[in-house]
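Q: Below you'll find the structure I mean.
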Amino acid sequence: MQIDFFSRESLNVSGGHPEPDSSGSAATHERLPSKSAVSRGPVFSIPAGHRELRLDLFRGLALWLIFIDHVSPDVLAWLTIRNYGFSDAAEIFIFISGFTAALVYGRTMFEGGFVIGSARILRRAWQIYCAHILLFCVLIAEVALVTRLTGTPFYMKEMEVTEFFGNPGPAMIQTLLLRFRPLNMDILPLYVVLMLALPLVLLLAKWWTALPLILSVALYALTLRYDLHLSAYPAGFWSFNPFAWQLLFVFGAWCALGGSKRLSPLMNLRAVFWAAIGYLLACFFVTLTWHFPQLEQFMPSWLFRFIYPIDKTDLDILRFVHFLALAIVALRFVPNGWRGLESPWVQPLILCGQYSLQIFSLGVALSFTGYALLMETSAGLAVHVAVGVIGILITCGVALLFTWYQRALGAAARRHGPAAVHSA
């Protein structure tokens with residue numbers, strides 16, 4: 001079985017050229033570019049006018065995993081990948097975000113020019129920023145309500161918002177500057193910063209596709225060497241250091257701009273596949289030692305010194321390699337043309353992945369509600385599972401509602417023209 005990241009066989013053909021959906025997904029249908037337009041930029045990994053459902057599938061899966069990790073970090077998290085290796089759903093989300101952003105906005109920039117492409121990217125960054133601020137307000141309201149009902153400041157401390165309730169004015173200003181954030185609200189600020197850097201990434205890629213990736217690796221190395229970071233309020237640093245995590249985002253963009261085609265022959269090698277399996281098993285054993293310290297005796301001391309600390313904030317290289325190993329294995333079992341993408345059982349994942357910004361924000365809000373409920377009721381395993389399932393069902397219902405709404409707008413446009421859509 002051969003692996004090709006993304007190819008024509010696994011894509012759905014569609015015409016038209018609407019705006020990209022609110023997730024900024026590469027699933028957006030785009031007008032087929034002219035030959036002259038194609039020649040002015042890199043060759044994309046997915047042909048224009050096609051949809052790669054595996055992107056939506058894996059991003060939807062990442063959103064579900066993030067929700068589960070947040071709502072039940074001590075129980076249901078054993079059902080996610082977080083406790084079985086070095087990387088987690090955050091790496092999946094950021095990589096696919098870079099891939100889809102380059103795919104959607106790269107075509108706009110290469111065909112329409114730097115100014116037009118940058119304007120669309122900035123609009124998308126503004127949408128993410130607004131979603132973050134709205135989510136902040138919702139989460140603060142939830143914390144305030146739960147604190148009042150329980151009569152304990154536990155949840156303010158747990159969600160790291162004590163500073164806001166004690167000194168709301170400066171904290172709100174810092175929130176608007178993306179320097180003050182409650183727990184579990186670190187990904188969207190990172191996403192905003194990475195999207196703001198995307199115009200430069202695409203401009204460099206237009207000159208030479210590998211150039212932004214080379215510079216990204218150099219910036220990553222400088223970050224580790226000189227401890228480059230962004231400070232947070234009132235103290236500390238960003239939980240996701242943009243100077244480090246940009247490597248995963250730019251790598252995703254490079255793959256979208258033709259890099260995945262260059263990697264496909266390497267990934268088709270049987271030795272690479274089994275090396276990935278071996279690395280995943282080794283990482284699994286290391287993570288077991290975190291939960292069962294008696295297993296540490298089987299690890300040599302030099303290995304401890306070599307691998308630790310496995311830093312998430314600065315995207316430790318071991319986490320990056322673990323993500324790559326997961327990708328190699330996942331693409332082997334979900335190849336081009338996988339018929340499972342047509343199954344109704346995976347449609348909820350695909351729909352959630354197509355509306356990633358809304359579903360992520362909803363998931364963060366729901367996760368705190370579920371977490372507080374589980375904490376206050378000292379719930380057992382059955383209730384943890386029930387809360388997790390109900391939360392996922394709610395996200396699926398919202399994604400289905402968005403899908404219905406988009407189809408209704410499309411039908412109105414076909415019947416009455418674009419004016420009907422704008423008035424709606």
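Chain lettering (A, B, ...) mirrors the order of the structure tokens, residue numbering begins at 1 for each chain separately, and ligand numbering begins at 1 in order of display.
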Skip Gly363 (chain A) itself and residues of its chain fewer than 6 positions away, then list as a short mmCIF file (atom, residue, chain, number, x, y, z; two decimals) with N, CA, C and O atoms, in the first residue's frame all residues within 8 Å of it, counting only C-alpha atoms.
A:
data_model
loop_
_atom_site.label_atom_id
_atom_site.label_comp_id
_atom_site.auth_asym_id
_atom_site.auth_seq_id
_atom_site.Cartn_x
_atom_site.Cartn_y
_atom_site.Cartn_z
N LEU A 63 -10.29 17.84 17.70
CA LEU A 63 -11.21 18.64 18.50
C LEU A 63 -11.88 17.79 19.57
O LEU A 63 -12.06 18.23 20.71
N ILE A 66 -9.28 17.06 22.27
CA ILE A 66 -9.04 18.24 23.12
C ILE A 66 -10.16 18.40 24.13
O ILE A 66 -9.93 18.66 25.32
N PHE A 67 -11.39 18.24 23.68
CA PHE A 67 -12.53 18.35 24.59
C PHE A 67 -12.45 17.31 25.71
O PHE A 67 -12.63 17.63 26.89
N GLY A 391 -21.26 15.84 25.72
CA GLY A 391 -20.54 16.99 25.17
C GLY A 391 -20.22 16.81 23.70
O GLY A 391 -20.39 17.73 22.89
N THR A 395 -21.55 18.99 20.35
CA THR A 395 -20.70 19.56 19.29
C THR A 395 -21.12 19.06 17.92
O THR A 395 -21.13 19.82 16.95
#
Q: Please list as a short mmCIF file (atom, residue, chain, number, x, y, z; two decimals) with all heavy atoms, in the first residue's frame every residue within 6 Å of region 314-330 of chain A, counting only C-alpha atoms and excluding residues in the same chain fewer than 3 positions away.
A:
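Below is the file that was written, result.cif:
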data_model
loop_
_atom_site.label_atom_id
_atom_site.label_comp_id
_atom_site.auth_asym_id
_atom_site.auth_seq_id
_atom_site.Cartn_x
_atom_site.Cartn_y
_atom_site.Cartn_z
N PHE A 86 4.32 11.22 23.44
CA PHE A 86 4.81 12.55 23.78
C PHE A 86 3.92 13.67 23.25
O PHE A 86 3.81 14.72 23.87
CB PHE A 86 6.23 12.73 23.23
CG PHE A 86 7.23 11.76 23.81
CD1 PHE A 86 8.38 11.43 23.10
CD2 PHE A 86 7.03 11.18 25.05
CE1 PHE A 86 9.31 10.55 23.63
CE2 PHE A 86 7.94 10.30 25.59
CZ PHE A 86 9.09 9.98 24.87
N SER A 87 3.32 13.51 22.09
CA SER A 87 2.49 14.56 21.51
C SER A 87 1.03 14.32 21.86
O SER A 87 0.67 13.26 22.39
CB SER A 87 2.67 14.61 19.99
OG SER A 87 2.17 13.44 19.39
N ASN A 241 4.60 28.43 22.99
CA ASN A 241 5.53 29.44 22.53
C ASN A 241 5.45 29.58 21.01
O ASN A 241 5.81 28.65 20.28
CB ASN A 241 6.95 29.06 22.93
CG ASN A 241 7.97 30.14 22.60
OD1 ASN A 241 7.66 31.14 21.96
ND2 ASN A 241 9.20 29.95 23.04
N ALA A 244 8.40 28.63 18.80
CA ALA A 244 8.69 27.22 18.63
C ALA A 244 7.59 26.51 17.84
O ALA A 244 7.87 25.76 16.90
CB ALA A 244 8.86 26.55 20.00
N TRP A 245 6.33 26.77 18.19
CA TRP A 245 5.22 26.07 17.54
C TRP A 245 5.01 26.49 16.09
O TRP A 245 4.32 25.80 15.33
CB TRP A 245 3.94 26.27 18.34
CG TRP A 245 3.87 25.35 19.52
CD1 TRP A 245 4.50 25.49 20.72
CD2 TRP A 245 3.15 24.11 19.60
NE1 TRP A 245 4.23 24.44 21.54
CE2 TRP A 245 3.39 23.58 20.89
CE3 TRP A 245 2.32 23.42 18.73
CZ2 TRP A 245 2.83 22.36 21.30
CZ3 TRP A 245 1.76 22.23 19.14
CH2 TRP A 245 2.02 21.71 20.42
N ALA A 276 8.60 4.15 12.47
CA ALA A 276 7.57 4.94 13.14
C ALA A 276 6.86 4.10 14.21
O ALA A 276 6.62 4.59 15.32
CB ALA A 276 6.56 5.46 12.12
N ILE A 310 10.83 16.82 28.42
CA ILE A 310 10.09 16.80 27.15
C ILE A 310 9.10 17.96 27.20
O ILE A 310 7.99 17.83 27.70
CB ILE A 310 9.38 15.45 26.94
CG1 ILE A 310 10.40 14.31 27.03
CG2 ILE A 310 8.67 15.42 25.59
CD1 ILE A 310 9.78 12.93 26.97
N ASP A 311 9.53 19.09 26.71
CA ASP A 311 8.84 20.36 26.93
C ASP A 311 7.76 20.59 25.89
O ASP A 311 8.02 20.61 24.68
CB ASP A 311 9.88 21.49 26.88
CG ASP A 311 9.28 22.83 27.26
OD1 ASP A 311 8.17 22.83 27.84
OD2 ASP A 311 9.91 23.86 26.99
N PHE A 333 -3.06 3.68 7.40
CA PHE A 333 -4.34 3.02 7.63
C PHE A 333 -5.53 3.81 7.11
O PHE A 333 -6.64 3.29 7.05
CB PHE A 333 -4.52 2.74 9.13
CG PHE A 333 -3.61 1.66 9.65
CD1 PHE A 333 -2.46 1.98 10.35
CD2 PHE A 333 -3.89 0.33 9.41
CE1 PHE A 333 -1.62 0.99 10.83
CE2 PHE A 333 -3.05 -0.67 9.88
CZ PHE A 333 -1.92 -0.36 10.58
N VAL A 334 -5.32 5.09 6.79
CA VAL A 334 -6.38 5.90 6.16
C VAL A 334 -5.82 6.44 4.85
O VAL A 334 -5.49 7.62 4.73
CB VAL A 334 -6.82 7.05 7.09
CG1 VAL A 334 -8.03 7.78 6.49
CG2 VAL A 334 -7.17 6.53 8.47
#
Q: Which residue out of A:Phe284, A:Trp345, A:Tyr129, A:Phe368 has the minimum interatomic distance to Leu183 (chain A) when only C-alpha atoms are used?
A: A:Phe368
Q: Write out as a list in words which residues come within 10 Å of Ala144 (chain A) when counting only C-alpha atoms, dropping same-chain ones fewer than 5 positions away.
A: Val138, Leu139, Leu149, Pro153, Tyr155, Met156, Val161 and Phe165 of chain A
Q: Could you go through region 173-383 of chain A and tell me which residues DSSP, when run on the backbone, assigns to helix (DSSP H, G or I), listing them as a PyMOL selection string?
A: chain A and resi 173-176+187-207+211-226+242-267+270-291+293-298+301-307+317-333+339-342+347-354+356-377+381-383
Q: Compile the contact shell of His384 (chain A) as a list in words: residues with an atom at most 12 Å away, counting only C-alpha atoms, same-chain residues fewer than 3 positions apart removed.
A: Ile68, Asp69, His70, Val71, Ser72, Pro73, Asp74, Val75, Leu76, Ala77, Trp78, Leu79, Ser367, Gly370, Tyr371, Ala372, Leu373, Leu374, Met375, Thr377, Ser378, Ala379, Gly380, Leu381, Val387, Gly388, Val389, Ile390 and Gly391 of chain A
Q: What's around Leu103 (chain A) at 10 Å? Count only C-alpha atoms, leave out sequence neighbours fewer than 2 positions away in its own chain, and write the answer as a VMD selection string.
A: chain A and resid 24 to 28 44 to 48 97 to 101 105 to 108 252 to 258
Q: Go through A:Ala102, A:Pro344, A:Phe251, A:Pro182 and flag the residue nearest Ser118 (chain A), using only C-alpha atoms for the distances.
A: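 Selected residue with least distance to Ser118 (chain A): A:Ala102.
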Q: So which one's closest to Ile359 (chain A), A:Met159, A:Cys130, A:Leu135, A:Leu247? Using only C-alpha atoms, please.
A: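 Result for the nearest residue to Ile359 (chain A): A:Leu135.
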Q: Report as a PDB file with all heavy atoms, in the first residue's frame all protein, DNA and RNA residues lying within 10 Å of Leu295 (chain A), evaluated on only C-alpha atoms, omitting residues in the same chain fewer than 5 positions from it.
A:
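Result file follows (result28.pdb):
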ATOM      1  N   PHE A 285       6.242   3.301  26.137  1.00  0.00           N
ATOM      2  CA  PHE A 285       6.879   2.749  27.331  1.00  0.00           C
ATOM      3  C   PHE A 285       7.365   3.873  28.248  1.00  0.00           C
ATOM      4  O   PHE A 285       7.216   3.795  29.477  1.00  0.00           O
ATOM      5  CB  PHE A 285       8.061   1.856  26.952  1.00  0.00           C
ATOM      6  CG  PHE A 285       8.798   1.317  28.144  1.00  0.00           C
ATOM      7  CD1 PHE A 285       8.300   0.244  28.862  1.00  0.00           C
ATOM      8  CD2 PHE A 285       9.993   1.907  28.566  1.00  0.00           C
ATOM      9  CE1 PHE A 285       8.965  -0.248  29.976  1.00  0.00           C
ATOM     10  CE2 PHE A 285      10.664   1.429  29.678  1.00  0.00           C
ATOM     11  CZ  PHE A 285      10.144   0.345  30.381  1.00  0.00           C
ATOM     12  N   VAL A 286       7.935   4.927  27.677  1.00  0.00           N
ATOM     13  CA  VAL A 286       8.414   6.039  28.497  1.00  0.00           C
ATOM     14  C   VAL A 286       7.257   6.680  29.255  1.00  0.00           C
ATOM     15  O   VAL A 286       7.366   6.995  30.449  1.00  0.00           O
ATOM     16  CB  VAL A 286       9.144   7.083  27.635  1.00  0.00           C
ATOM     17  CG1 VAL A 286       9.474   8.331  28.448  1.00  0.00           C
ATOM     18  CG2 VAL A 286      10.420   6.494  27.049  1.00  0.00           C
ATOM     19  N   LEU A 288       4.566   5.279  30.183  1.00  0.00           N
ATOM     20  CA  LEU A 288       4.128   4.369  31.243  1.00  0.00           C
ATOM     21  C   LEU A 288       4.910   4.599  32.529  1.00  0.00           C
ATOM     22  O   LEU A 288       4.364   4.456  33.639  1.00  0.00           O
ATOM     23  CB  LEU A 288       4.277   2.915  30.796  1.00  0.00           C
ATOM     24  CG  LEU A 288       3.240   2.377  29.813  1.00  0.00           C
ATOM     25  CD1 LEU A 288       3.525   0.914  29.499  1.00  0.00           C
ATOM     26  CD2 LEU A 288       1.823   2.524  30.372  1.00  0.00           C
ATOM     27  N   THR A 289       6.184   4.963  32.402  1.00  0.00           N
ATOM     28  CA  THR A 289       6.996   5.209  33.598  1.00  0.00           C
ATOM     29  C   THR A 289       6.504   6.428  34.368  1.00  0.00           C
ATOM     30  O   THR A 289       6.775   6.551  35.564  1.00  0.00           O
ATOM     31  CB  THR A 289       8.481   5.399  33.224  1.00  0.00           C
ATOM     32  OG1 THR A 289       8.631   6.588  32.434  1.00  0.00           O
ATOM     33  CG2 THR A 289       9.003   4.212  32.441  1.00  0.00           C
ATOM     34  N   TRP A 290       5.775   7.330  33.700  1.00  0.00           N
ATOM     35  CA  TRP A 290       5.237   8.492  34.407  1.00  0.00           C
ATOM     36  C   TRP A 290       4.120   8.083  35.363  1.00  0.00           C
ATOM     37  O   TRP A 290       3.910   8.727  36.387  1.00  0.00           O
ATOM     38  CB  TRP A 290       4.690   9.521  33.415  1.00  0.00           C
ATOM     39  CG  TRP A 290       5.708   9.983  32.413  1.00  0.00           C
ATOM     40  CD1 TRP A 290       7.060   9.821  32.474  1.00  0.00           C
ATOM     41  CD2 TRP A 290       5.444  10.684  31.189  1.00  0.00           C
ATOM     42  NE1 TRP A 290       7.668  10.370  31.376  1.00  0.00           N
ATOM     43  CE2 TRP A 290       6.698  10.908  30.556  1.00  0.00           C
ATOM     44  CE3 TRP A 290       4.295  11.137  30.559  1.00  0.00           C
ATOM     45  CZ2 TRP A 290       6.813  11.571  29.342  1.00  0.00           C
ATOM     46  CZ3 TRP A 290       4.407  11.801  29.355  1.00  0.00           C
ATOM     47  CH2 TRP A 290       5.646  12.019  28.746  1.00  0.00           C
TER      48      TRP A 290
END
Q: Restricting the calculation to only C-alpha atoms, which member of A:Ile307, A:Val143, A:Leu228, A:Leu357 is positioned closest to Arg124 (chain A)?
A: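 Looking at the shortest contact to Arg124 (chain A), the residue is A:Leu357.
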Q: Applying 9 Å and only C-alpha atoms, which residues near region 229-233 of chain A remain after dropping the ones on its own chain fewer than 3 positions away? List them as a list in words.
A: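 Using only C-alpha atoms, the neighbours found are Ala171, Gln174, Thr175, Leu178, Arg179, Phe180, Arg181, Thr223, Gly236, Phe237, Trp238, Ser239, Asn241, Pro242, Phe243, Ala244 and Asp314 of chain A.
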